[in-house]
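Visitor: First, the structure itself, so that you have it in front of you.
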Amino acid sequence: MLRMSTLFLRTLRDDPSDAEVASHRLLVRAGYIRRIAAGIYSWLPLGYITLRNIERIIREEMDEAGFQEVHFPALLPREAYEETNRWTEYGPDLFRLKDRRGTDYLLGPTHEEMFTLMVKGEYSSYKDLPLSLYQIQTKYRDELRPRSGIIRGREFVMKDSYSFDLTDEGLNESYNKHRDAYIKTFDRLGMRYNIVSAMSGAMGGSRSEEFLAPCPTGEDTYVLCEKCGYAANVEAMKTIVAAADPTGVPAMEVVDTPNTPTIDSLVAVLNERYGGGFTGADTLKNVLLVADGKNISVLVPGDREVDLKRLQANLPGVQDLRLFEDADFARNPALVKGYVGPQNSQSFGLTLYADPRIAPGTSWVTGANKHGFHALNVVNGRDFEVDGYVESAEVRKGDACPQCSEPVVIDRAIEIGHIFQLGRKYAEALDLTVLDSDGKSRVVTMGSYGIGVSRAVAAIAEQTHDELGLNWPKEIAPAQVHIVAAGKDDHLFDVAEELGKELERAGYKVMLDDRREASPGVKFKDAELIGNPVIVVVGKALVEGKVEIRLRRTGQRSEALVADAAKEIAGLLS
RNA sequence: CGGGGCGUAGCGUAGUGGCUAGCGCGCCUGCUUUGGGAGCAGGAGACCGAGAGUUCGAAUCUCUCCGCCCCGACCA
């Protein structure tokens, strides 16, 4: 029983000045966490109990799925990360340190290498596979910008699993098993979430999905179709546009459009001089960029911006992507700023990409590659040839769902889990092979699966809190029942104590506010702030032999005879 | 790293050149009080983020550094 008279806890009446988001504010106010440095927090008793509750649920579900728990050091030698080139590739996010002899170490930001090497050290036959291992570990990443309290820290707790299979089919199966286990886990954690398609990126591999907990303060933006359930990270959102029949489109015509370097100015001049009700969506924007040192042009409809994040995610292997600057225009005099068109792009040394909205056969108004002139009736496939299609235009609310064409909505969320097929990258780099049934050496294929454990504390707080404070699901809360002894009579404290013991015998975790000096108001406020699901008040009603039972979530109140209270509470918690 | 803001007691804050740095919460002592963050009285707690400078005098002005928060590019 957690007795508040002795519990190491001090709640704060005021919001901490450095906390913006609700989870951060409330976790600090309710005495769950304290900040130590940017993105680094200490866990006080209530916070640590909550964190461990989440760990327990995750552990139970992982074990249930047949995955086995291991544990690696957080302090790791440089060598393992050298072989996969991550000592350098991981960049400034890696916490590096030296021992007294000057040998390099790092604080693990993730443990792919260690898991791969561990399996390599023990197993060498296809008969040993499939295998899934996991750990719950503290990770270290020297984030550019730690943010939102516990949501993005530089030290955080993560559950990471890895699967090892001989074949791609096997990997698929392992992936699905993790997916199912994650669904069960997040359901038990009492979270609302969407499973969205994500980019597997440069890591290779085919499938990748994120578990996103919708929440306005989240840092991830995703697309959701309310009709068919399609959900995708904006980077992974697909655009489906049918090819058009260009028959009947008049020949390309170059027209004089003075002082029209922007889409808005162009549309105004076009309508004024040529009529026809042009809009930005009829124009073609040629966005020039430098991708790893090479000049590229990306075509998007004039009423949309290029989403650099999306573009880069969809250009595999491109590390460095930036917009053209004046110096780049100076080096390429054939490219007329504000009047670039895709006609003959290749002869200007550009690789020409188009957003799928620029479908084959569609006709556009675009630059004429001549200062002050634009071209009408410029048809894709007739007047220019693209080198490739790439998702690059910004995604908007109301865009067509790629599955059912209904308008999609855009929402924000916290990423709480990510599963993806790693493939053979790490196994290859670290030479993890097994002998197959023919005695041939085969490289193992892997999957990687993460849950942000400490982040889940914040995500659940975000999704469940109200204006009074935290408001935990019953399996997460520090206690299921919070008994408030509201009065000064010894008898009342004895009854509260006895009720607490009875509830504990029934298997519930109990917090008892047995502070003699605190007023009832203080105790009620604290109980609401701390957020346990059932609050039992032993107070005034005791003259009739009753206690009051309140549900934190709904505010619903009822009374029960002391003798029946435990049974009533059990009913409410089931 | 770019842009914006902040650093005064455990927490929230006032104080923009002048004398013992003010207030609320919390904490300690005593008395009263106990169903919605109690009252009265007394008390402890701050080298005003650090260093240097300007000045008769600096929390306050200047410079440098450090730390923290928010907005953008990476990630559980």
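Here's how to read the names in the structure tokens: chain A, B, ... by the order shown, residue numbers from 1 in each chain, ligand numbers from 1 in the order shown.
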With chain A as the partner and 6 Å as the cut-off, tabulate the residues of chain B that qualify, each row holding the nearest pair of atoms and their distance in Å to one decimal, using only C-alpha atoms (C1' of nucleotides), sorted by chain and rising number, as CSV.

Guide:
residue,atom,partner,partner_atom,distance
B:G12,C1',A:Asp14,CA,5.8
B:U34,C1',A:Ser519,CA,5.5
B:G36,C1',A:Gly521,CA,4.0
B:G37,C1',A:Val522,CA,4.8
B:C69,C1',A:Asp18,CA,5.5
B:A76,C1',A:Gly452,CA,4.0

Visitor: Selection from above, N, CA and C atoms (P, O5', C5', C4', C3', O3' and C1' of nucleotides), as a PDB file, in the first residue's frame, can you write it?

Guide:
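Result went into part-v1.pdb, see below:
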ATOM      1  P     G B  12       9.372  26.964 -11.585  1.00  0.00           P
ATOM      2  O5'   G B  12       8.144  27.939 -11.303  1.00  0.00           O
ATOM      3  C5'   G B  12       6.840  27.583 -11.746  1.00  0.00           C
ATOM      4  C4'   G B  12       5.868  28.640 -11.295  1.00  0.00           C
ATOM      5  C3'   G B  12       6.219  30.048 -11.722  1.00  0.00           C
ATOM      6  O3'   G B  12       5.880  30.279 -13.067  1.00  0.00           O
ATOM      7  C1'   G B  12       5.562  30.039  -9.456  1.00  0.00           C
ATOM      8  P     U B  34     -13.491  22.015  12.167  1.00  0.00           P
ATOM      9  O5'   U B  34     -12.956  21.343  10.824  1.00  0.00           O
ATOM     10  C5'   U B  34     -13.205  21.956   9.544  1.00  0.00           C
ATOM     11  C4'   U B  34     -12.699  21.037   8.463  1.00  0.00           C
ATOM     12  C3'   U B  34     -13.316  19.646   8.499  1.00  0.00           C
ATOM     13  O3'   U B  34     -13.597  19.226   7.174  1.00  0.00           O
ATOM     14  C1'   U B  34     -10.959  19.478   8.568  1.00  0.00           C
ATOM     15  P     G B  36     -15.534  21.981   1.169  1.00  0.00           P
ATOM     16  O5'   G B  36     -14.163  21.414   0.646  1.00  0.00           O
ATOM     17  C5'   G B  36     -12.929  22.141   0.797  1.00  0.00           C
ATOM     18  C4'   G B  36     -12.276  22.259  -0.547  1.00  0.00           C
ATOM     19  C3'   G B  36     -12.957  23.230  -1.501  1.00  0.00           C
ATOM     20  O3'   G B  36     -11.975  23.834  -2.309  1.00  0.00           O
ATOM     21  C1'   G B  36     -12.841  21.117  -2.494  1.00  0.00           C
ATOM     22  P     G B  37     -11.136  25.058  -1.531  1.00  0.00           P
ATOM     23  O5'   G B  37      -9.870  24.214  -1.094  1.00  0.00           O
ATOM     24  C5'   G B  37      -8.975  23.782  -2.097  1.00  0.00           C
ATOM     25  C4'   G B  37      -7.666  23.471  -1.443  1.00  0.00           C
ATOM     26  C3'   G B  37      -6.911  24.703  -0.980  1.00  0.00           C
ATOM     27  O3'   G B  37      -6.082  24.262   0.088  1.00  0.00           O
ATOM     28  C1'   G B  37      -5.678  23.577  -2.647  1.00  0.00           C
ATOM     29  P     C B  69      14.941  22.143 -22.061  1.00  0.00           P
ATOM     30  O5'   C B  69      13.796  23.184 -22.449  1.00  0.00           O
ATOM     31  C5'   C B  69      12.652  23.330 -21.629  1.00  0.00           C
ATOM     32  C4'   C B  69      11.816  24.478 -22.142  1.00  0.00           C
ATOM     33  C3'   C B  69      11.400  24.372 -23.599  1.00  0.00           C
ATOM     34  O3'   C B  69      10.284  23.526 -23.775  1.00  0.00           O
ATOM     35  C1'   C B  69      12.207  26.541 -23.184  1.00  0.00           C
ATOM     36  P     A B  76      12.835   5.080 -35.096  1.00  0.00           P
ATOM     37  O5'   A B  76      12.371   4.878 -33.592  1.00  0.00           O
ATOM     38  C5'   A B  76      11.831   3.612 -33.211  1.00  0.00           C
ATOM     39  C4'   A B  76      10.911   3.843 -32.031  1.00  0.00           C
ATOM     40  C3'   A B  76       9.890   4.951 -32.249  1.00  0.00           C
ATOM     41  O3'   A B  76       8.695   4.429 -32.808  1.00  0.00           O
ATOM     42  C1'   A B  76      10.978   5.208 -30.143  1.00  0.00           C
TER      43        A B  76
END

Visitor: Pull the strand (DSSP E) assignments for segment 365-501 of chain A out of DSSP run on the backbone, and list those residues as an MDAnalysis selection string.

Guide: chainID A and resid 365:370 373:379 388:389 409:423 433:435 441:443 445:452 481:485

Visitor: For the selection just defined, write its residues with C-alpha atoms to a file, as a compact mmCIF listing (two decimals), in the first residue's frame.

Guide:
# COMPACT_ATOMS: atom_id res chain seq x y z
CA VAL A 365 1.07 26.27 -68.36
CA THR A 366 4.73 26.51 -67.52
CA GLY A 367 7.87 28.55 -68.00
CA ALA A 368 9.31 28.97 -71.49
CA ASN A 369 12.95 29.02 -70.30
CA LYS A 370 13.06 32.63 -71.41
CA PHE A 373 7.70 34.21 -71.27
CA HIS A 374 5.56 31.20 -70.47
CA ALA A 375 4.32 28.31 -72.56
CA LEU A 376 0.67 27.16 -72.85
CA ASN A 377 -0.53 23.65 -73.68
CA VAL A 378 2.64 21.94 -72.56
CA VAL A 379 1.85 18.22 -72.57
CA GLY A 388 10.87 9.47 -63.30
CA TYR A 389 7.83 10.01 -61.10
CA VAL A 409 -7.93 13.93 -43.30
CA ILE A 410 -4.60 14.93 -41.82
CA ASP A 411 -3.89 14.45 -38.16
CA ARG A 412 -1.03 14.65 -35.70
CA ALA A 413 0.24 11.85 -33.53
CA ILE A 414 3.00 10.56 -31.31
CA GLU A 415 4.92 7.64 -32.74
CA ILE A 416 4.85 4.94 -30.11
CA GLY A 417 5.95 1.95 -32.13
CA HIS A 418 7.63 1.16 -35.38
CA ILE A 419 7.98 -2.21 -37.05
CA PHE A 420 9.96 -2.84 -40.17
CA GLN A 421 11.68 -5.41 -42.23
CA LEU A 422 15.37 -4.72 -42.04
CA GLY A 423 16.35 -7.34 -44.55
CA THR A 433 25.05 -16.59 -41.86
CA VAL A 434 23.62 -20.03 -41.19
CA LEU A 435 23.96 -23.28 -43.10
CA SER A 441 25.93 -20.72 -46.21
CA ARG A 442 23.04 -18.23 -46.29
CA VAL A 443 22.76 -14.69 -44.99
CA THR A 445 17.20 -11.75 -42.92
CA MET A 446 16.10 -9.57 -40.04
CA GLY A 447 13.23 -7.47 -38.80
CA SER A 448 13.39 -4.65 -36.29
CA TYR A 449 10.58 -3.67 -33.94
CA GLY A 450 10.53 -0.84 -31.41
CA ILE A 451 8.25 0.53 -28.74
CA GLY A 452 9.03 3.79 -26.98
CA VAL A 481 -7.77 2.51 -5.93
CA HIS A 482 -6.95 5.78 -4.22
CA ILE A 483 -8.49 5.98 -0.78
CA VAL A 484 -8.91 9.42 0.71
CA ALA A 485 -9.39 9.65 4.44

Visitor: Would you mind writing down, as a PDB file with C-alpha atoms, in the first residue's frame, each residue of segment 61-135 of chain A that DSSP on the backbone assigns to alpha helix (DSSP H)?

Guide:
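Saved as states12.pdb:
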ATOM      1  CA  GLU A  61       2.968  -9.654 -24.409  1.00  0.00           C
ATOM      2  CA  MET A  62       6.432 -10.219 -25.867  1.00  0.00           C
ATOM      3  CA  ASP A  63       6.886 -13.373 -23.811  1.00  0.00           C
ATOM      4  CA  GLU A  64       3.410 -14.548 -24.746  1.00  0.00           C
ATOM      5  CA  ARG A  78      33.273   1.324 -30.888  1.00  0.00           C
ATOM      6  CA  GLU A  79      34.195  -1.779 -32.924  1.00  0.00           C
ATOM      7  CA  ALA A  80      30.720  -3.195 -33.442  1.00  0.00           C
ATOM      8  CA  TYR A  81      29.460   0.095 -34.778  1.00  0.00           C
ATOM      9  CA  GLU A  82      32.548   0.462 -36.944  1.00  0.00           C
ATOM     10  CA  GLU A  83      31.783  -2.640 -39.016  1.00  0.00           C
ATOM     11  CA  ARG A  86      27.524   3.618 -38.023  1.00  0.00           C
ATOM     12  CA  TRP A  87      30.254   5.094 -35.824  1.00  0.00           C
ATOM     13  CA  THR A  88      30.522   7.723 -38.558  1.00  0.00           C
ATOM     14  CA  GLU A  89      27.129   7.398 -40.239  1.00  0.00           C
ATOM     15  CA  GLU A 112      20.953  -3.829 -34.171  1.00  0.00           C
ATOM     16  CA  GLU A 113      24.658  -4.626 -34.221  1.00  0.00           C
ATOM     17  CA  MET A 114      24.703  -6.165 -30.767  1.00  0.00           C
ATOM     18  CA  PHE A 115      21.729  -8.420 -31.441  1.00  0.00           C
ATOM     19  CA  THR A 116      23.188  -9.515 -34.764  1.00  0.00           C
ATOM     20  CA  LEU A 117      26.525 -10.319 -33.179  1.00  0.00           C
ATOM     21  CA  MET A 118      24.877 -12.116 -30.295  1.00  0.00           C
ATOM     22  CA  VAL A 119      23.002 -14.431 -32.634  1.00  0.00           C
ATOM     23  CA  LYS A 120      26.099 -14.912 -34.744  1.00  0.00           C
ATOM     24  CA  GLY A 121      27.978 -15.985 -31.640  1.00  0.00           C
ATOM     25  CA  GLU A 122      25.489 -18.680 -30.708  1.00  0.00           C
TER      26      GLU A 122
END

Visitor: Would you compute the distance between atom CA of Phe8 of chain A and atom C1' of G10 of chain B? Give it in Å to one decimal.

Guide: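 We find that atom CA of Phe8 of chain A and atom C1' of G10 of chain B lie 14.0 Å from each other.
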
Visitor: Need to verify the contact set: segment 16-33 of chain B, 9 Å, only C-alpha atoms (C1' of nucleotides), exclusion of same-chain residues closer than 2 positions in sequence. Can you return it as an MDAnalysis selection string?

Guide: (chainID A and resid 10 12:14) or (chainID B and resid 8 10:14 38:46 48 57:61)

Visitor: With C-alpha atoms (C1' of nucleotides) kept, could you save the residues just selected as a compact mmCIF listing (two decimals), in the first residue's frame?

Guide:
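Listed below is the output, part.txt:
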# COMPACT_ATOMS: atom_id res chain seq x y z
CA ARG A 10 5.50 16.57 -3.42
CA LEU A 12 3.10 21.27 -7.21
CA ARG A 13 0.29 23.75 -7.26
CA ASP A 14 1.70 25.73 -10.16
C1' U B 8 15.86 35.99 -8.96
C1' G B 10 12.26 23.57 -3.70
C1' C B 11 8.08 25.60 -7.24
C1' G B 12 5.56 30.04 -9.46
C1' U B 13 6.93 35.12 -9.77
C1' A B 14 7.82 41.08 -8.72
C1' A B 38 -7.85 26.49 5.86
C1' G B 39 -6.86 30.95 9.52
C1' C B 40 -3.76 33.72 12.80
C1' A B 41 1.09 34.52 14.90
C1' G B 42 6.21 33.57 14.63
C1' G B 43 10.35 31.47 11.67
C1' A B 44 14.05 29.10 8.22
C1' G B 45 15.35 29.36 3.24
C1' A B 46 18.53 33.53 -2.44
C1' C B 48 19.75 37.36 -8.17
C1' G B 57 27.01 52.27 -6.11
C1' A B 58 24.85 46.61 -10.45
C1' A B 59 19.65 41.52 -9.93
C1' U B 60 19.19 46.01 -13.06
C1' C B 61 24.02 48.69 -18.02

Visitor: Could you pull the residues within 12 Å of Ala541 of chain A, counting only C-alpha atoms (C1' of nucleotides), minus those fewer than 4 positions along the same chain, as number ranges by chain?

Guide: A: 485-487, 492, 536-537, 545-549, 558-562; B: 35
